[in-house]
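Source file: my_file.tsv. Holds: TSV, C-alpha atoms.
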```
chain	number	residue	atom	x	y	z
A	919	ASN	CA	-40.66	-63.25	10.32
A	920	ALA	CA	-44.33	-63.41	9.41
A	921	GLY	CA	-46.12	-60.10	9.31
A	922	VAL	CA	-49.25	-59.06	11.15
A	923	MET	CA	-52.04	-61.48	10.35
A	924	GLN	CA	-55.69	-60.55	10.24
A	925	ASN	CA	-58.67	-62.72	9.56
A	926	PRO	CA	-61.02	-62.84	7.98
A	927	ARG	CA	-60.02	-60.55	5.14
A	928	HIS	CA	-63.63	-59.97	4.21
A	929	LEU	CA	-66.62	-60.30	6.51
A	930	VAL	CA	-70.25	-59.83	5.62
A	931	ARG	CA	-72.83	-59.47	8.35
A	932	ARG	CA	-76.50	-58.56	8.45
A	933	ARG	CA	-77.70	-55.80	10.68
A	934	GLY	CA	-77.98	-56.97	14.27
A	935	GLN	CA	-75.39	-59.74	13.98
A	936	GLU	CA	-72.04	-59.86	15.72
A	937	ALA	CA	-68.70	-59.38	14.00
A	938	ARG	CA	-65.44	-60.80	15.37
A	939	LEU	CA	-62.18	-59.63	13.85
A	940	ARG	CA	-58.92	-61.33	14.73
A	941	CYS	CA	-55.38	-60.04	14.74
A	942	SER	CA	-52.15	-61.95	15.36
A	943	PRO	CA	-49.24	-59.56	15.89
A	944	MET	CA	-45.79	-60.07	14.51
A	945	LYS	CA	-43.58	-62.45	16.45
A	946	GLY	CA	-42.01	-60.66	19.39
A	947	HIS	CA	-44.61	-57.88	19.39
A	948	SER	CA	-46.81	-57.43	22.44
A	949	HIS	CA	-48.46	-54.14	21.55
A	950	VAL	CA	-51.57	-54.19	19.37
A	951	TYR	CA	-53.54	-51.30	17.93
A	952	TRP	CA	-56.84	-51.26	16.09
A	953	TYR	CA	-57.78	-48.61	13.54
A	954	ARG	CA	-60.88	-48.08	11.46
A	955	GLN	CA	-60.93	-46.66	7.95
A	956	LEU	CA	-64.21	-45.44	6.58
A	957	PRO	CA	-64.49	-45.14	2.78
A	958	GLU	CA	-62.33	-42.36	1.34
A	959	GLU	CA	-61.01	-41.39	4.77
A	960	GLY	CA	-57.82	-41.81	6.75
A	961	LEU	CA	-57.38	-44.32	9.52
A	962	LYS	CA	-58.82	-43.48	12.93
A	963	PHE	CA	-57.40	-44.94	16.13
A	964	MET	CA	-59.74	-47.13	18.12
A	965	VAL	CA	-57.87	-48.98	20.87
A	966	TYR	CA	-54.39	-49.88	22.07
A	967	LEU	CA	-53.79	-53.10	23.98
A	968	GLN	CA	-50.96	-54.97	25.57
A	969	LYS	CA	-51.25	-58.57	26.68
A	970	GLU	CA	-54.32	-58.82	28.95
A	971	ASN	CA	-54.57	-55.04	29.30
A	972	ILE	CA	-56.40	-52.26	27.52
A	973	ILE	CA	-54.08	-49.26	27.63
A	974	ASP	CA	-56.00	-46.67	25.63
A	975	GLU	CA	-59.55	-47.06	24.33
A	976	SER	CA	-60.20	-43.39	23.70
A	977	GLY	CA	-61.19	-44.06	20.10
A	978	MET	CA	-63.64	-46.85	20.75
A	979	PRO	CA	-67.36	-46.16	20.40
A	980	LYS	CA	-68.97	-46.36	23.83
A	981	GLU	CA	-71.44	-49.05	22.92
A	982	ARG	CA	-71.31	-52.34	20.99
A	983	PHE	CA	-67.53	-52.34	20.50
A	984	SER	CA	-65.05	-54.23	22.64
A	985	ALA	CA	-61.50	-55.48	22.29
A	986	GLU	CA	-59.28	-57.96	24.05
A	987	PHE	CA	-55.76	-59.32	23.80
A	988	PRO	CA	-55.54	-62.46	25.92
A	989	LYS	CA	-52.38	-64.00	27.27
A	990	GLU	CA	-52.64	-66.70	24.63
A	991	GLY	CA	-54.08	-66.22	21.18
A	992	PRO	CA	-54.91	-63.34	18.90
A	993	SER	CA	-56.38	-59.97	19.69
A	994	ILE	CA	-60.12	-59.79	19.04
A	995	LEU	CA	-62.17	-56.77	18.05
A	996	ARG	CA	-65.83	-57.52	18.65
A	997	ILE	CA	-68.73	-55.53	17.30
A	998	GLN	CA	-72.15	-56.47	18.62
A	999	GLN	CA	-75.43	-55.74	16.84
A	1000	VAL	CA	-73.73	-54.32	13.78
A	1001	VAL	CA	-75.28	-51.45	11.85
A	1002	ARG	CA	-74.60	-50.25	8.31
A	1003	GLY	CA	-72.41	-47.44	9.63
A	1004	ASP	CA	-69.97	-50.06	10.92
A	1005	SER	CA	-69.07	-50.97	7.34
A	1006	ALA	CA	-65.40	-50.10	7.03
A	1007	ALA	CA	-61.92	-51.54	6.81
A	1008	TYR	CA	-60.50	-52.46	10.21
A	1009	PHE	CA	-56.74	-52.52	10.51
A	1010	CYS	CA	-54.63	-54.04	13.20
A	1011	ALA	CA	-51.05	-52.95	13.82
A	1012	SER	CA	-48.39	-54.21	16.18
A	1013	SER	CA	-45.14	-52.93	17.60
A	1014	PRO	CA	-42.43	-54.50	19.75
A	1015	THR	CA	-41.63	-53.84	23.38
A	1016	GLY	CA	-38.50	-52.09	24.47
A	1017	PHE	CA	-37.32	-48.52	24.49
A	1018	ARG	CA	-35.20	-46.66	22.00
A	1019	LEU	CA	-34.56	-49.78	19.97
A	1020	ALA	CA	-34.46	-49.71	16.22
A	1021	GLY	CA	-37.98	-49.92	14.89
A	1022	VAL	CA	-39.59	-49.69	18.30
A	1023	TYR	CA	-41.61	-46.68	17.34
A	1024	THR	CA	-42.91	-48.18	14.12
A	1025	GLN	CA	-46.28	-49.84	13.88
A	1026	TYR	CA	-46.55	-52.60	11.31
A	1027	PHE	CA	-49.96	-53.07	9.81
A	1028	GLY	CA	-51.90	-56.13	8.85
A	1029	PRO	CA	-53.83	-56.39	5.56
A	1030	GLY	CA	-57.09	-55.31	7.19
A	1031	THR	CA	-60.54	-56.82	7.46
A	1032	ARG	CA	-63.21	-55.31	5.24
A	1033	LEU	CA	-66.53	-55.47	7.06
A	1034	THR	CA	-69.70	-55.09	5.06
A	1035	VAL	CA	-73.02	-54.80	6.86
A	1036	LEU	CA	-76.06	-55.56	4.75
B	1194	ALA	CA	-55.11	-33.03	20.74
B	1195	GLN	CA	-52.77	-33.55	17.87
B	1196	THR	CA	-54.03	-33.08	14.33
B	1197	VAL	CA	-52.54	-33.89	10.94
B	1198	THR	CA	-53.57	-32.10	7.76
B	1199	GLN	CA	-52.93	-33.11	4.18
B	1200	SER	CA	-54.20	-30.29	2.03
B	1201	GLN	CA	-53.85	-32.06	-1.32
B	1202	PRO	CA	-56.61	-34.65	-1.83
B	1203	GLU	CA	-55.12	-35.63	-5.22
B	1204	MET	CA	-51.82	-35.23	-6.99
B	1205	SER	CA	-50.54	-36.48	-10.30
B	1206	VAL	CA	-47.08	-36.66	-11.80
B	1207	GLN	CA	-45.46	-37.90	-14.98
B	1208	GLU	CA	-43.47	-41.08	-14.71
B	1209	ALA	CA	-39.80	-40.38	-13.88
B	1210	GLU	CA	-40.61	-36.90	-12.58
B	1211	THR	CA	-40.46	-35.68	-8.97
B	1212	VAL	CA	-43.48	-34.97	-6.81
B	1213	THR	CA	-43.88	-33.51	-3.33
B	1214	LEU	CA	-46.77	-34.32	-1.00
B	1215	SER	CA	-47.54	-31.86	1.77
B	1216	CYS	CA	-48.34	-32.51	5.41
B	1217	THR	CA	-48.70	-30.18	8.37
B	1218	TYR	CA	-49.44	-31.09	11.95
B	1219	ASP	CA	-50.30	-29.46	15.21
B	1220	THR	CA	-48.81	-30.48	18.55
B	1221	SER	CA	-47.57	-28.98	21.78
B	1222	GLU	CA	-45.02	-31.75	22.31
B	1223	SER	CA	-41.33	-31.25	21.61
B	1224	ASP	CA	-40.45	-34.87	20.91
B	1225	TYR	CA	-42.50	-37.03	18.58
B	1226	TYR	CA	-42.38	-39.15	15.47
B	1227	LEU	CA	-43.70	-38.61	11.97
B	1228	PHE	CA	-44.42	-41.21	9.32
B	1229	TRP	CA	-45.51	-41.55	5.75
B	1230	TYR	CA	-47.52	-44.64	4.91
B	1231	LYS	CA	-48.52	-45.82	1.44
B	1232	GLN	CA	-51.80	-47.58	0.76
B	1233	PRO	CA	-51.97	-49.15	-2.72
B	1234	PRO	CA	-55.21	-50.55	-4.17
B	1235	SER	CA	-54.62	-53.73	-2.14
B	1236	ARG	CA	-55.32	-51.50	0.92
B	1237	GLN	CA	-52.25	-52.82	2.75
B	1238	MET	CA	-50.63	-50.05	4.80
B	1239	ILE	CA	-46.92	-49.90	3.97
B	1240	LEU	CA	-44.43	-47.79	5.89
B	1241	VAL	CA	-42.53	-45.54	3.49
B	1242	ILE	CA	-40.38	-43.41	5.76
B	1243	ARG	CA	-40.03	-42.33	9.38
B	1244	GLN	CA	-38.63	-39.21	11.05
B	1245	GLU	CA	-37.79	-38.62	14.69
B	1246	ALA	CA	-38.43	-35.02	15.68
B	1247	TYR	CA	-35.21	-34.76	17.69
B	1248	LYS	CA	-33.17	-35.47	14.57
B	1249	GLN	CA	-32.39	-32.45	12.44
B	1250	GLN	CA	-31.32	-34.49	9.46
B	1251	ASN	CA	-34.08	-35.29	7.01
B	1252	ALA	CA	-34.83	-38.98	6.57
B	1253	THR	CA	-34.15	-40.63	3.21
B	1254	GLU	CA	-35.10	-44.05	1.88
B	1255	ASN	CA	-33.94	-44.59	-1.70
B	1256	ARG	CA	-36.19	-42.44	-3.92
B	1257	PHE	CA	-38.19	-41.16	-0.95
B	1258	SER	CA	-37.08	-38.26	1.21
B	1259	VAL	CA	-38.72	-35.84	3.58
B	1260	ASN	CA	-38.44	-32.14	4.24
B	1261	PHE	CA	-38.98	-31.82	7.98
B	1262	GLN	CA	-39.47	-28.26	9.19
B	1263	LYS	CA	-40.04	-28.53	12.93
B	1264	ALA	CA	-40.69	-24.86	13.59
B	1265	ALA	CA	-43.24	-24.71	10.81
B	1266	LYS	CA	-44.67	-28.12	11.79
B	1267	SER	CA	-44.36	-29.29	8.24
B	1268	PHE	CA	-43.41	-32.76	7.01
B	1269	SER	CA	-43.49	-33.13	3.23
B	1270	LEU	CA	-42.64	-36.25	1.24
B	1271	LYS	CA	-40.63	-36.05	-1.96
B	1272	ILE	CA	-40.72	-38.92	-4.42
B	1273	SER	CA	-37.99	-38.79	-7.05
B	1274	ASP	CA	-38.00	-40.66	-10.36
B	1275	SER	CA	-41.68	-41.57	-9.92
B	1276	GLN	CA	-42.62	-45.07	-10.96
B	1277	LEU	CA	-45.98	-46.56	-11.87
B	1278	GLY	CA	-45.83	-48.66	-8.72
B	1279	ASP	CA	-45.82	-45.50	-6.62
B	1280	ALA	CA	-49.48	-44.89	-7.44
B	1281	ALA	CA	-51.36	-45.12	-4.15
B	1282	MET	CA	-52.95	-43.19	-1.32
B	1283	TYR	CA	-50.30	-41.63	0.89
B	1284	PHE	CA	-50.98	-40.93	4.53
B	1285	CYS	CA	-48.98	-38.73	6.83
B	1286	ALA	CA	-49.10	-39.80	10.49
B	1287	TYR	CA	-48.01	-38.43	13.87
B	1288	ARG	CA	-47.14	-40.30	17.02
B	1289	GLY	CA	-46.26	-38.79	20.40
B	1290	LEU	CA	-43.75	-39.92	22.96
B	1291	ILE	CA	-43.81	-43.44	24.28
B	1292	ILE	CA	-45.85	-42.82	27.38
B	1293	GLN	CA	-49.14	-44.28	28.43
B	1294	GLY	CA	-51.84	-43.40	25.98
B	1295	ALA	CA	-49.52	-41.71	23.53
B	1296	GLN	CA	-48.91	-44.73	21.35
B	1297	LYS	CA	-51.62	-44.11	18.81
B	1298	LEU	CA	-50.97	-42.85	15.33
B	1299	VAL	CA	-52.90	-39.79	14.20
B	1300	PHE	CA	-53.42	-39.87	10.45
B	1301	GLY	CA	-54.08	-37.18	7.89
B	1302	GLN	CA	-56.86	-37.50	5.35
B	1303	GLY	CA	-54.59	-38.85	2.66
B	1304	THR	CA	-53.38	-37.77	-0.79
B	1305	ARG	CA	-54.18	-39.91	-3.80
B	1306	LEU	CA	-51.14	-40.00	-6.09
B	1307	THR	CA	-51.56	-40.85	-9.77
B	1308	ILE	CA	-48.58	-41.62	-11.98
B	1309	ASN	CA	-49.05	-40.78	-15.66
B	1310	PRO	CA	-47.06	-42.97	-18.07
```
Written as structure tokens, how would this file's structure read?
Amino acid sequence: NAGVMQNPRHLVRRRGQEARLRCSPMKGHSHVYWYRQLPEEGLKFMVYLQKENIIDESGMPKERFSAEFPKEGPSILRIQQVVRGDSAAYFCASSPTGFRLAGVYTQYFGPGTRLTVL
Amino acid sequence: AQTVTQSQPEMSVQEAETVTLSCTYDTSESDYYLFWYKQPPSRQMILVIRQEAYKQQNATENRFSVNFQKAAKSFSLKISDSQLGDAAMYFCAYRGLIIQGAQKLVFGQGTRLTINP
């Protein structure tokens, strides 16, 4: 079973450009989470999605950031008009559906996308 | 809101020795889940161990074990027979019940563990 896939692994953007980060969850997982890790800090929750639905976006900045998880295809985290403060590692995690199943409460992380804004 | 605190920014231990990493958390919930994740230099987040709050028995995974003190809201990680490959950042994380909006993990600030040969 392939793990959580994220691409690209490294992304360089100039200020004002758009960044698109992709996440393919593990097979059989329909819950996706995005986290951001600033240098020398822990991970901070951004958004939680299920297929075609945003469930919790309490950690998303109000402007320039959006996320989607379409019926087909990967989840996308989109950052418009990037600024230097957006430079960070962005992690995607996924978990399976179900209730009280083994592993259901565990989020499995992808390798992350390191965004650098010049 | 739940918070997770790791009071040790850095720890070091001699190879083959035992080390304990501290974690405390704050919550008003009675049922929840606690995790330790490892982040090596590759930056991949790797699950080390998981504890369900309703279980009194401390979780164990090979050389890794936890000391879960629910009343004290403490969740420390013990690594026995430390190996060079254990060197990494270690993050403690909290997750509430599986209800709408409670799926997110709340992470501590991390503890950087160095293994001395």
Taking all atoms listed in the file into account, produce a table as a Markdown table in which each residue of chain B with an atom at most 8 Å from an atom of chain A appears once, together with its shortest atom pair and the distance in Å to one decimal, ordered by chain and rising number.
```
| residue | atom | partner | partner_atom | distance |
| --- | --- | --- | --- | --- |
| B:Tyr1226 | CA | A:Tyr1023 | CA | 7.8 |
| B:Arg1236 | CA | A:Pro1029 | CA | 6.9 |
| B:Gln1237 | CA | A:Pro1029 | CA | 4.8 |
| B:Met1238 | CA | A:Phe1027 | CA | 5.9 |
| B:Ile1239 | CA | A:Phe1027 | CA | 7.3 |
| B:Leu1240 | CA | A:Tyr1026 | CA | 7.6 |
| B:Phe1284 | CA | A:Gly960 | CA | 7.2 |
| B:Ile1291 | CA | A:Tyr1023 | CA | 8.0 |
| B:Gln1293 | CA | A:Ile973 | CA | 7.1 |
| B:Gly1294 | CA | A:Asp974 | CA | 5.3 |
| B:Gln1296 | CA | A:Tyr966 | CA | 7.6 |
| B:Lys1297 | CA | A:Phe963 | CA | 6.4 |
| B:Leu1298 | CA | A:Phe963 | CA | 6.8 |
| B:Val1299 | CA | A:Lys962 | CA | 7.1 |
| B:Phe1300 | CA | A:Leu961 | CA | 6.0 |
| B:Gly1301 | CA | A:Gly960 | CA | 6.1 |
| B:Gln1302 | CA | A:Gly960 | CA | 4.6 |
| B:Gly1303 | CA | A:Gly960 | CA | 6.0 |
```
field: For Arg1002 (chain A), the nearest of the candidates A:Asn971, A:Gln935, A:Ser948, A:Asn925, counting only C-alpha atoms
entry: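 Among the listed residues, the smallest separation from Arg1002 (chain A) belongs to A:Gln935.
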- request: Identify which of the residues B:Tyr1230, B:Tyr1247, B:Tyr1287, B:Phe1257 lies closest to Thr1304 (chain B), counting only C-alpha atoms when measuring atom-to-atom distances.
  value: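 Residue with the minimum atom-to-atom distance to Thr1304 (chain B): B:Tyr1230.
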message: Report, in Å to a single decimal, how far apart CA of Phe1268 (chain B) and CA of Pro1234 (chain B) are.
response: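 If I compute the distance from CA of Pro1234 (chain B) to CA of Phe1268 (chain B), I get 24.1 Å.
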message: For Glu1222 (chain B), find every residue with an atom within 10 Å (counting all atoms listed in the file), except residues of its own chain fewer than 2 positions away, and show them as a PyMOL selection string.
response: chain B and resi 1195+1219-1220+1224-1225+1246+1289-1290
- prompt: Between CA of Gln1276 (chain B) and CA of Ser1215 (chain B), what is the spacing in Å?
  reply: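 Separating CA of Ser1215 (chain B) from CA of Gln1276 (chain B) is a distance of 19.0 Å.
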task: Could you tell me how far CA of Thr1198 (chain B) lies from CA of Thr1217 (chain B), in Å and to one decimal?
output: 5.3 Å
message: Just want the 8 Å neighbourhood of Leu1033 (chain A), counted on only C-alpha atoms, with same-chain residues fewer than 5 positions away dropped. Output as a ChimeraX atom specification.
response: /A:928-931,1004-1008
Could you pull the residues within 9 Å of Glu970 (chain A), counting only C-alpha atoms, minus those fewer than 5 positions along the same chain, as a compact mmCIF listing (two decimals) with C-alpha atoms, keeping the file's coordinate frame?
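Generated file (around32.txt):
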```
# COMPACT_ATOMS: atom_id res chain seq x y z
CA GLU A 986 -59.28 -57.96 24.05
CA PHE A 987 -55.76 -59.32 23.80
CA PRO A 988 -55.54 -62.46 25.92
CA LYS A 989 -52.38 -64.00 27.27
```
field: Counting only C-alpha atoms, the residue of A:Cys1010, A:Lys969, A:Arg927, A:Cys941 that sits nearest Ser1235 (chain B)
entry: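 Result for the nearest residue to Ser1235 (chain B): A:Arg927.
The nearest approach to Ser1012 (chain A) among the residues A:Gln968, A:Ser984, A:Gln998, A:Gln955, with all atoms listed in the file taken into account, belongs to A:Gln968.
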Just need the box for region 995-1004 of chain A, edges along x, y and z, holding every atom the file lists for it with 5 Å tacked onto each side, so centre and edge lengths in Å to one decimal, as JSON.
```
{"center_x": -68.8, "center_y": -52.5, "center_z": 13.5, "size_x": 23.3, "size_y": 20.1, "size_z": 20.3}
```
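The shell of residues at most 9 Å from Lys1271 (chain B), with only C-alpha atoms counted and near chain neighbours (fewer than 6 positions) removed, consists of Thr1211, Val1212, Thr1213, Leu1214, Ser1215, Arg1256, Phe1257, Ser1258, Val1259 and Asn1260 of chain B.
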